[in-house]
$ cat target.txt   # compact mmCIF, C-alpha atoms
# COMPACT_ATOMS: atom_id res chain seq x y z
CA MET W 1 -6.44 -3.17 16.03
CA THR W 2 -7.93 -5.18 13.18
CA PHE W 3 -9.91 -3.07 10.76
CA PHE W 4 -11.26 -5.86 8.57
CA PRO W 5 -11.48 -9.03 10.68
CA ARG W 6 -13.67 -11.00 8.27
CA PRO W 7 -12.89 -10.33 4.60
CA PRO W 8 -14.37 -9.20 2.37
CA GLY W 9 -14.42 -6.10 4.52
CA LEU W 10 -16.45 -3.02 3.74
CA ALA W 11 -15.72 0.66 4.26
CA VAL W 12 -18.13 3.46 3.34
CA PHE W 13 -17.66 7.20 3.02
CA LEU W 14 -19.90 10.04 4.18
CA ASN W 15 -19.24 13.68 4.91
CA ALA W 16 -19.78 14.92 8.44
CA GLY W 17 -22.83 17.18 8.33
CA ASP W 18 -24.38 15.59 5.25
CA PRO W 19 -26.65 13.98 6.34
CA PRO W 20 -27.01 16.22 9.42
CA LEU W 21 -25.03 15.04 12.42
CA ASP W 22 -28.06 13.91 14.43
CA VAL W 23 -29.11 11.70 11.52
CA LEU W 24 -25.53 10.53 11.12
CA ASP W 25 -25.65 9.21 14.69
CA ASP W 26 -28.46 6.84 13.64
CA ILE W 27 -26.68 5.95 10.42
CA ALA W 28 -23.50 5.00 12.29
CA ASP W 29 -25.47 2.76 14.64
CA MET W 30 -27.07 1.10 11.63
CA LEU W 31 -23.71 0.61 9.90
CA ASP W 32 -22.38 -1.07 13.02
CA GLU W 33 -25.40 -3.37 13.22
CA CYS W 34 -25.10 -4.21 9.53
CA GLY W 35 -21.47 -5.22 9.97
CA VAL W 36 -19.79 -2.39 8.07
CA ASP W 37 -16.18 -2.26 9.21
CA VAL W 38 -15.18 1.35 8.63
CA LEU W 39 -16.89 4.70 8.20
CA GLU W 40 -14.52 7.08 6.43
CA LEU W 41 -15.87 10.36 7.78
CA GLY W 42 -14.97 13.37 5.71
CA VAL W 43 -14.36 16.74 7.32
CA PRO W 44 -16.06 18.70 4.52
CA PHE W 45 -13.94 20.87 2.26
CA PRO W 46 -14.70 22.64 -1.02
CA ASP W 47 -13.57 22.10 -4.59
CA SER W 48 -12.01 18.67 -4.25
CA VAL W 49 -10.20 17.79 -7.46
CA SER W 50 -10.37 14.07 -6.68
CA ASP W 51 -14.14 13.94 -6.14
CA GLY W 52 -16.95 13.90 -8.63
CA PRO W 53 -20.13 15.99 -8.45
CA VAL W 54 -21.95 13.73 -5.97
CA ILE W 55 -19.38 14.07 -3.18
CA ARG W 56 -18.69 17.71 -4.02
CA ARG W 57 -22.37 18.56 -3.62
CA SER W 58 -22.37 16.73 -0.30
CA ALA W 59 -19.36 18.68 0.93
CA ASP W 60 -20.96 21.95 -0.16
CA ARG W 61 -24.16 21.15 1.76
CA ALA W 62 -22.16 20.25 4.87
CA LEU W 63 -20.12 23.44 4.65
CA ALA W 64 -23.27 25.52 4.13
CA ALA W 65 -24.59 23.98 7.36
CA GLY W 66 -21.44 25.20 9.11
CA THR W 67 -19.92 21.77 9.78
CA SER W 68 -16.40 22.06 11.20
CA LEU W 69 -13.58 19.79 12.26
CA GLU W 70 -14.79 20.18 15.83
CA ASP W 71 -18.29 19.04 14.83
CA ALA W 72 -16.89 15.98 13.07
CA LEU W 73 -14.73 15.02 16.03
CA GLY W 74 -17.62 15.59 18.41
CA PHE W 75 -19.58 13.02 16.43
CA VAL W 76 -16.69 10.56 16.69
CA GLU W 77 -16.34 11.00 20.43
CA ARG W 78 -20.09 10.71 20.95
CA SER W 79 -20.57 7.57 18.93
CA ARG W 80 -17.46 5.44 19.34
CA SER W 81 -18.38 3.76 22.63
CA ARG W 82 -21.66 2.45 21.20
CA HIS W 83 -20.19 0.40 18.40
CA ARG W 84 -19.04 -3.19 18.50
CA ARG W 85 -17.55 -3.33 15.02
CA LEU W 86 -17.67 0.00 13.21
CA ARG W 87 -14.49 2.07 13.32
CA VAL W 88 -14.45 5.71 12.23
CA VAL W 89 -11.50 7.03 10.23
CA VAL W 90 -11.38 10.81 9.88
CA LEU W 91 -10.55 12.11 6.41
CA ALA W 92 -9.18 15.66 6.60
CA ASP W 93 -7.97 17.82 3.74
CA TRP W 94 -4.51 19.29 4.03
CA SER W 95 -5.25 22.69 2.47
CA HIS W 96 -8.66 23.37 4.00
CA THR W 97 -8.45 21.75 7.42
CA VAL W 98 -4.84 21.12 8.44
CA ARG W 99 -2.76 23.96 7.03
CA PRO W 100 -4.83 26.80 8.63
CA ARG W 101 -4.26 25.13 12.01
CA SER W 102 -1.19 22.92 12.31
CA MET W 103 -0.39 19.26 11.86
CA GLY W 104 0.16 18.88 15.58
CA GLU W 105 -3.16 20.50 16.50
CA VAL W 106 -5.16 18.38 14.08
CA VAL W 107 -3.45 15.08 14.91
CA THR W 108 -3.87 15.71 18.63
CA ALA W 109 -7.55 16.58 18.19
CA VAL W 110 -8.30 13.55 16.00
CA ALA W 111 -6.48 11.21 18.38
CA GLY W 112 -8.28 12.76 21.36
CA SER W 113 -11.68 12.11 19.78
CA GLY W 114 -11.05 8.37 19.84
CA ALA W 115 -11.05 8.07 16.05
CA ALA W 116 -9.68 4.78 14.80
CA GLY W 117 -7.45 6.47 12.27
CA VAL W 118 -6.74 9.45 10.06
CA LEU W 119 -6.50 9.85 6.30
CA LEU W 120 -4.89 13.10 5.15
CA HIS W 121 -6.20 14.15 1.74
CA GLY W 122 -4.04 16.14 -0.64
CA ALA W 123 -0.96 16.21 1.55
CA PRO W 124 2.18 17.25 -0.34
CA PRO W 125 5.18 14.94 0.09
CA ARG W 126 7.03 17.50 2.24
CA VAL W 127 4.43 17.34 5.04
CA ARG W 128 3.78 13.62 5.15
CA PRO W 129 6.80 12.77 7.36
CA GLU W 130 5.41 15.10 10.04
CA LEU W 131 2.05 13.33 9.81
CA TYR W 132 3.69 9.93 10.28
CA ASP W 133 5.80 11.15 13.20
CA ARG W 134 3.03 12.98 15.03
CA ALA W 135 0.43 10.28 14.46
CA GLY W 136 2.86 7.64 15.67
CA ALA W 137 3.60 9.62 18.82
CA ALA W 138 -0.13 10.09 19.46
CA GLY W 139 -0.94 6.43 18.85
CA LEU W 140 -3.21 7.40 15.94
CA PRO W 141 -3.27 4.87 13.07
CA VAL W 142 -2.71 6.28 9.59
CA VAL W 143 -4.47 5.34 6.37
CA THR W 144 -2.07 5.80 3.48
CA THR W 145 -3.04 5.94 -0.18
CA CYS W 146 -1.64 4.93 -3.52
CA TYR W 147 -2.98 4.23 -6.98
CA ALA W 148 -3.01 0.90 -8.75
CA SER W 149 -0.65 2.53 -11.24
CA SER W 150 1.58 4.33 -8.71
CA SER W 151 5.34 4.25 -8.98
CA PRO W 152 7.25 1.69 -6.91
CA GLN W 153 8.45 4.55 -4.70
CA ALA W 154 4.88 5.70 -3.95
CA VAL W 155 3.79 2.13 -3.24
CA ALA W 156 6.75 1.65 -0.91
CA GLU W 157 5.91 4.83 1.03
CA ALA W 158 2.25 3.84 1.39
CA ALA W 159 3.25 0.37 2.57
CA ALA W 160 5.88 1.61 5.01
CA HIS W 161 3.62 4.06 6.81
CA ALA W 162 0.21 2.34 6.81
CA SER W 163 -0.58 1.69 10.45
CA ALA W 164 -4.35 1.43 9.78
CA TYR W 165 -4.66 0.26 6.17
CA VAL W 166 -3.63 1.17 2.66
CA TYR W 167 -6.36 2.72 0.52
CA LEU W 168 -5.59 1.45 -2.98
CA ILE W 169 -7.28 3.71 -5.54
CA THR W 170 -8.19 1.60 -8.53
CA HIS W 171 -7.80 4.27 -11.21
CA TYR W 172 -6.96 7.92 -11.78
CA GLY W 173 -9.83 10.36 -12.09
CA GLN W 174 -12.67 11.56 -9.92
CA SER W 175 -14.70 9.51 -7.50
CA GLY W 176 -18.02 8.29 -8.85
CA ALA W 177 -16.64 7.80 -12.34
CA GLY W 178 -14.66 5.17 -14.14
CA PRO W 179 -14.98 1.44 -14.65
CA ALA W 180 -15.75 -1.29 -12.15
CA PRO W 181 -12.65 -2.84 -10.59
CA ASP W 182 -10.97 -5.54 -12.64
CA PRO W 183 -9.44 -8.33 -10.52
CA ALA W 184 -6.89 -9.10 -13.24
CA VAL W 185 -5.63 -5.51 -13.12
CA LEU W 186 -5.78 -5.12 -9.34
CA ARG W 187 -4.03 -8.36 -8.45
CA ALA W 188 -0.52 -7.06 -9.23
CA PRO W 189 -0.73 -3.85 -7.13
CA VAL W 190 -2.37 -5.75 -4.26
CA ASP W 191 0.41 -8.34 -4.38
CA ALA W 192 3.04 -5.57 -4.49
CA LEU W 193 1.62 -4.06 -1.30
CA ARG W 194 1.33 -7.47 0.35
CA ALA W 195 5.05 -8.01 -0.22
CA LEU W 196 5.86 -4.79 1.64
CA THR W 197 3.37 -4.52 4.50
CA GLY W 198 1.20 -6.53 6.82
CA ALA W 199 -1.38 -3.75 6.90
CA PRO W 200 -4.74 -4.48 5.26
CA VAL W 201 -5.43 -3.28 1.74
CA ALA W 202 -8.78 -1.64 0.92
CA ALA W 203 -9.57 -0.81 -2.70
CA GLY W 204 -11.93 1.91 -3.86
CA PHE W 205 -13.13 4.03 -6.82
CA GLY W 206 -15.62 2.37 -9.14
CA VAL W 207 -17.02 0.11 -6.41
CA ARG W 208 -20.81 0.37 -6.62
CA THR W 209 -22.37 -3.08 -6.27
CA ALA W 210 -22.01 -6.39 -4.45
CA ALA W 211 -20.40 -7.77 -7.59
CA ASP W 212 -17.79 -5.01 -7.43
CA VAL W 213 -17.09 -5.84 -3.77
CA GLU W 214 -16.58 -9.46 -4.81
CA ARG W 215 -14.22 -8.36 -7.61
CA VAL W 216 -12.11 -6.43 -5.11
CA HIS W 217 -11.95 -9.46 -2.84
CA ALA W 218 -11.08 -11.68 -5.81
CA ALA W 219 -8.08 -9.43 -6.44
CA GLY W 220 -6.82 -10.26 -2.95
CA ALA W 221 -7.78 -7.02 -1.17
CA ASP W 222 -9.07 -7.14 2.39
CA ALA W 223 -11.88 -4.65 1.85
CA ALA W 224 -13.77 -2.51 -0.62
CA VAL W 225 -14.41 1.20 -0.16
CA VAL W 226 -17.74 2.57 -1.41
CA GLY W 227 -18.10 6.34 -1.54
CA SER W 228 -20.14 8.04 -4.24
CA THR W 229 -22.84 5.36 -4.30
CA VAL W 230 -23.41 5.76 -0.56
CA VAL W 231 -23.43 9.56 -0.75
CA ALA W 232 -25.80 9.50 -3.72
CA CYS W 233 -28.18 7.21 -1.83
CA ALA W 234 -28.23 9.59 1.13
CA GLU W 235 -28.76 12.57 -1.17
CA ALA W 236 -31.68 10.92 -2.94
CA ALA W 237 -33.32 10.02 0.36
CA LEU W 238 -32.95 13.54 1.73
CA THR W 239 -34.25 15.08 -1.49
CA GLY W 240 -37.18 12.67 -1.63
CA GLY W 241 -38.12 13.08 2.02
CA ARG W 242 -37.41 9.42 2.79
CA ASP W 243 -35.76 7.81 5.79
CA VAL W 244 -32.03 8.18 5.05
CA THR W 245 -31.00 5.51 7.53
CA ALA W 246 -33.44 2.97 6.10
CA ASP W 247 -32.36 3.65 2.51
CA LEU W 248 -28.68 3.34 3.43
CA ALA W 249 -29.39 0.13 5.36
CA ALA W 250 -30.90 -1.39 2.24
CA LEU W 251 -27.89 -0.28 0.20
CA VAL W 252 -25.17 -1.62 2.50
CA THR W 253 -27.06 -4.88 3.04
CA GLY W 254 -27.19 -5.27 -0.72
CA LEU W 255 -23.47 -4.68 -0.99
CA ARG W 256 -22.92 -7.74 1.21
CA PRO W 257 -25.86 -10.01 0.38
CA HIS W 258 -24.60 -12.92 2.44
CA HIS W 259 -23.84 -10.82 5.50
CA ARG W 260 -25.31 -11.53 8.92
CA SER W 261 -25.92 -8.50 11.10
CA ALA W 262 -23.44 -7.82 13.88
CA ARG W 263 -26.27 -8.36 16.38
CA SER W 264 -26.41 -12.02 15.33
CA LEU W 265 -22.68 -12.60 15.72
$ encode --input "target.txt" --output "structure tokens"
Amino acid sequence: MTFFPRPPGLAVFLNAGDPPLDVLDDIADMLDECGVDVLELGVPFPDSVSDGPVIRRSADRALAAGTSLEDALGFVERSRSRHRRLRVVVLADWSHTVRPRSMGEVVTAVAGSGAAGVLLHGAPPRVRPELYDRAGAAGLPVVTTCYASSSPQAVAEAAAHASAYVYLITHYGQSGAGPAPDPAVLRAPVDALRALTGAPVAAGFGVRTAADVERVHAAGADAAVVGSTVVACAEAALTGGRDVTADLAALVTGLRPHHRSARSL
């Protein structure tokens, strides 16, 4: 499975249930047509320490609407057969989603939905080996994470267990904040991962514009991940009574100004 067949690849983040799931169906179809490679679909959870106010508000709205893991996986199962290019990776939080159930239950459910991969947020080191083992047995690719400033040991673990891709977080702090990616700073951690794994590298945090996507690609990464900017666009459209899908289409097209739609390929 190739997640980013034509670099610079693009992954975007949205929470399941915000926008509402029926609207999200249309958004996913649009992302596929616009050539977005990956939708990182969050199973909403409260009080994320790694997210800024934009994504936290989104999660709160989705939770208030009653969105569950089952709802998120129902969306994945419903939509996956329609898409030529878009792959959906399910982002689940360890404390809110996995621990009240079990690792085995969640991995089995995510794999059964047909999701292209799983990203486990906030997993303590003691539980990650079980994730790798169970996901491997279920044939479910894993997105691992590390920071640009992570220790060699953390980088080695992320590289060793990335069967989908490595999400390289450009800086510490909350999503939606911090500087634009600097290719001169990112080149070394990208090269360090390249030396250890053949899995793609996708870099995120601080990626807001087409120029930022180009900076990530200039650092040698396979893809850029855009989260808060996408969520903020959806929030503004919903608040303003506009067409969320149309506003997001304009945003993602602008992130890849030279992109041809998947329909033309």
$ axis_aligned_box --input "target.txt" --around "segment 222-232 of chain W" --padding-each-side "3 Å" --output "AutoDock Vina command-line options"
--center_x -17.4 --center_y 1.2 --center_z -1.0 --size_x 22.7 --size_y 22.7 --size_z 12.7
$ atom_distance --input "target.txt" --atom1 "atom CA of Pro20 of chain W" --atom2 "atom CA of Gly178 of chain W"
28.8 Å
$ residues_around --input "target.txt" --residues "segment 146-150 of chain W" --least-positions-apart "5" --cutoff "9 Å" --atoms "all atoms listed in the file" --output "PyMOL selection string"
chain W and resi 155+157-158+166-172+185-186+188-190
$ closest_residue --input "target.txt" --among "W:Glu214, W:Gly42, W:Gly254, W:Asp243" --to "Ile27 of chain W" --atoms "all atoms listed in the file"
W:Asp243
$ residues_around --input "target.txt" --residues "Tyr165 of chain W" --least-positions-apart "3" --cutoff "8 Å" --atoms "all atoms listed in the file" --output "list in words"
Phe3, Val142, Val143, Thr144, Ala162, Ala199, Pro200, Val201 and Ala202 of chain W
$ atom_distance --input "target.txt" --atom1 "atom CA of Val106 of chain W" --atom2 "atom CA of Leu69 of chain W"
8.7 Å
$ closest_atom_pairs --input "target.txt" --of "segment 128-228 of chain W" --to "segment 6-13 of chain W" --cutoff "6 Å" --atoms "all atoms listed in the file" --output "CSV"
residue,atom,partner,partner_atom,distance
W:His217,CA,W:Pro8,CA,5.8
W:Asp222,CA,W:Pro7,CA,5.4
W:Ala223,CA,W:Gly9,CA,4.0
W:Ala224,CA,W:Leu10,CA,5.1
W:Val225,CA,W:Ala11,CA,4.6
W:Val226,CA,W:Val12,CA,4.8
W:Gly227,CA,W:Phe13,CA,4.7
$ atom_distance --input "target.txt" --atom1 "atom CA of Leu41 of chain W" --atom2 "atom CA of Ser58 of chain W"
12.2 Å
$ closest_residue --input "target.txt" --among "W:Ala92, W:Ala116, W:Leu24, W:Ala62" --to "Val38 of chain W" --atoms "all atoms listed in the file"
W:Ala116
$ closest_residue --input "target.txt" --among "W:Ser228, W:Gly112, W:Leu196, W:Pro141" --to "Arg56 of chain W" --atoms "only C-alpha atoms"
W:Ser228
$ closest_residue --input "target.txt" --among "W:Ala115, W:Leu255, W:Val107, W:Ala59" --to "Ala135 of chain W" --atoms "all atoms listed in the file"
W:Val107
$ residues_around --input "target.txt" --residues "Ala137 of chain W" --least-positions-apart "5" --cutoff "10 Å" --atoms "all atoms listed in the file" --output "mmCIF file with C-alpha atoms, keeping the file's coordinate frame"
data_model
loop_
_atom_site.group_PDB
_atom_site.id
_atom_site.type_symbol
_atom_site.label_atom_id
_atom_site.label_comp_id
_atom_site.auth_asym_id
_atom_site.auth_seq_id
_atom_site.Cartn_x
_atom_site.Cartn_y
_atom_site.Cartn_z
ATOM 1 C CA VAL W 107 -3.450 15.080 14.910
ATOM 2 C CA THR W 108 -3.870 15.710 18.630
ATOM 3 C CA LEU W 131 2.050 13.330 9.810
ATOM 4 C CA TYR W 132 3.690 9.930 10.280
#
$ residues_around --input "target.txt" --residues "Ala65 of chain W" --least-positions-apart "4" --cutoff "12 Å" --atoms "all atoms listed in the file" --output "list in words"
Asn15, Ala16, Gly17, Asp18, Pro19, Pro20, Leu21, Pro44, Ser58, Ala59, Asp60, Arg61 and Asp71 of chain W
$ closest_residue --input "target.txt" --among "W:Ala72, W:Val213, W:Val207, W:Ala154" --to "Ala192 of chain W" --atoms "only C-alpha atoms"
W:Ala154
$ decode --input "target.txt" --residues "segment 64-76 of chain W" --atoms "N, CA, C and O atoms" --output "PDB file, in the first residue's frame"
ATOM      1  N   ALA W  64     -20.399  16.425  21.773  1.00  0.00           N
ATOM      2  CA  ALA W  64     -21.740  16.889  22.136  1.00  0.00           C
ATOM      3  C   ALA W  64     -22.798  16.293  21.211  1.00  0.00           C
ATOM      4  O   ALA W  64     -23.952  16.088  21.625  1.00  0.00           O
ATOM      5  N   ALA W  65     -22.398  16.007  19.973  1.00  0.00           N
ATOM      6  CA  ALA W  65     -23.320  15.374  19.019  1.00  0.00           C
ATOM      7  C   ALA W  65     -23.414  13.872  19.226  1.00  0.00           C
ATOM      8  O   ALA W  65     -24.172  13.195  18.527  1.00  0.00           O
ATOM      9  N   GLY W  66     -22.628  13.346  20.179  1.00  0.00           N
ATOM     10  CA  GLY W  66     -22.700  11.921  20.495  1.00  0.00           C
ATOM     11  C   GLY W  66     -21.850  11.031  19.610  1.00  0.00           C
ATOM     12  O   GLY W  66     -22.055   9.812  19.585  1.00  0.00           O
ATOM     13  N   THR W  67     -20.870  11.587  18.910  1.00  0.00           N
ATOM     14  CA  THR W  67     -20.071  10.798  17.975  1.00  0.00           C
ATOM     15  C   THR W  67     -19.195   9.799  18.723  1.00  0.00           C
ATOM     16  O   THR W  67     -18.446  10.153  19.634  1.00  0.00           O
ATOM     17  N   SER W  68     -19.248   8.556  18.312  1.00  0.00           N
ATOM     18  CA  SER W  68     -18.532   7.467  18.977  1.00  0.00           C
ATOM     19  C   SER W  68     -17.528   6.822  18.030  1.00  0.00           C
ATOM     20  O   SER W  68     -17.493   7.125  16.832  1.00  0.00           O
ATOM     21  N   LEU W  69     -16.750   5.902  18.579  1.00  0.00           N
ATOM     22  CA  LEU W  69     -15.858   5.101  17.747  1.00  0.00           C
ATOM     23  C   LEU W  69     -16.655   4.365  16.680  1.00  0.00           C
ATOM     24  O   LEU W  69     -16.246   4.303  15.514  1.00  0.00           O
ATOM     25  N   GLU W  70     -17.783   3.811  17.060  1.00  0.00           N
ATOM     26  CA  GLU W  70     -18.603   3.064  16.107  1.00  0.00           C
ATOM     27  C   GLU W  70     -19.090   3.956  14.972  1.00  0.00           C
ATOM     28  O   GLU W  70     -19.143   3.531  13.811  1.00  0.00           O
ATOM     29  N   ASP W  71     -19.439   5.195  15.288  1.00  0.00           N
ATOM     30  CA  ASP W  71     -19.860   6.141  14.249  1.00  0.00           C
ATOM     31  C   ASP W  71     -18.714   6.423  13.280  1.00  0.00           C
ATOM     32  O   ASP W  71     -18.897   6.453  12.060  1.00  0.00           O
ATOM     33  N   ALA W  72     -17.523   6.648  13.837  1.00  0.00           N
ATOM     34  CA  ALA W  72     -16.361   6.935  12.995  1.00  0.00           C
ATOM     35  C   ALA W  72     -16.051   5.763  12.074  1.00  0.00           C
ATOM     36  O   ALA W  72     -15.794   5.942  10.873  1.00  0.00           O
ATOM     37  N   LEU W  73     -16.100   4.544  12.617  1.00  0.00           N
ATOM     38  CA  LEU W  73     -15.778   3.381  11.799  1.00  0.00           C
ATOM     39  C   LEU W  73     -16.881   3.082  10.799  1.00  0.00           C
ATOM     40  O   LEU W  73     -16.601   2.570   9.705  1.00  0.00           O
ATOM     41  N   GLY W  74     -18.116   3.421  11.141  1.00  0.00           N
ATOM     42  CA  GLY W  74     -19.191   3.296  10.168  1.00  0.00           C
ATOM     43  C   GLY W  74     -18.976   4.191   8.967  1.00  0.00           C
ATOM     44  O   GLY W  74     -19.226   3.794   7.815  1.00  0.00           O
ATOM     45  N   PHE W  75     -18.479   5.407   9.227  1.00  0.00           N
ATOM     46  CA  PHE W  75     -18.137   6.313   8.126  1.00  0.00           C
ATOM     47  C   PHE W  75     -17.045   5.703   7.249  1.00  0.00           C
ATOM     48  O   PHE W  75     -17.133   5.728   6.022  1.00  0.00           O
ATOM     49  N   VAL W  76     -16.020   5.145   7.868  1.00  0.00           N
ATOM     50  CA  VAL W  76     -14.927   4.546   7.096  1.00  0.00           C
ATOM     51  C   VAL W  76     -15.445   3.427   6.210  1.00  0.00           C
ATOM     52  O   VAL W  76     -15.153   3.367   5.008  1.00  0.00           O
TER      53      VAL W  76
END
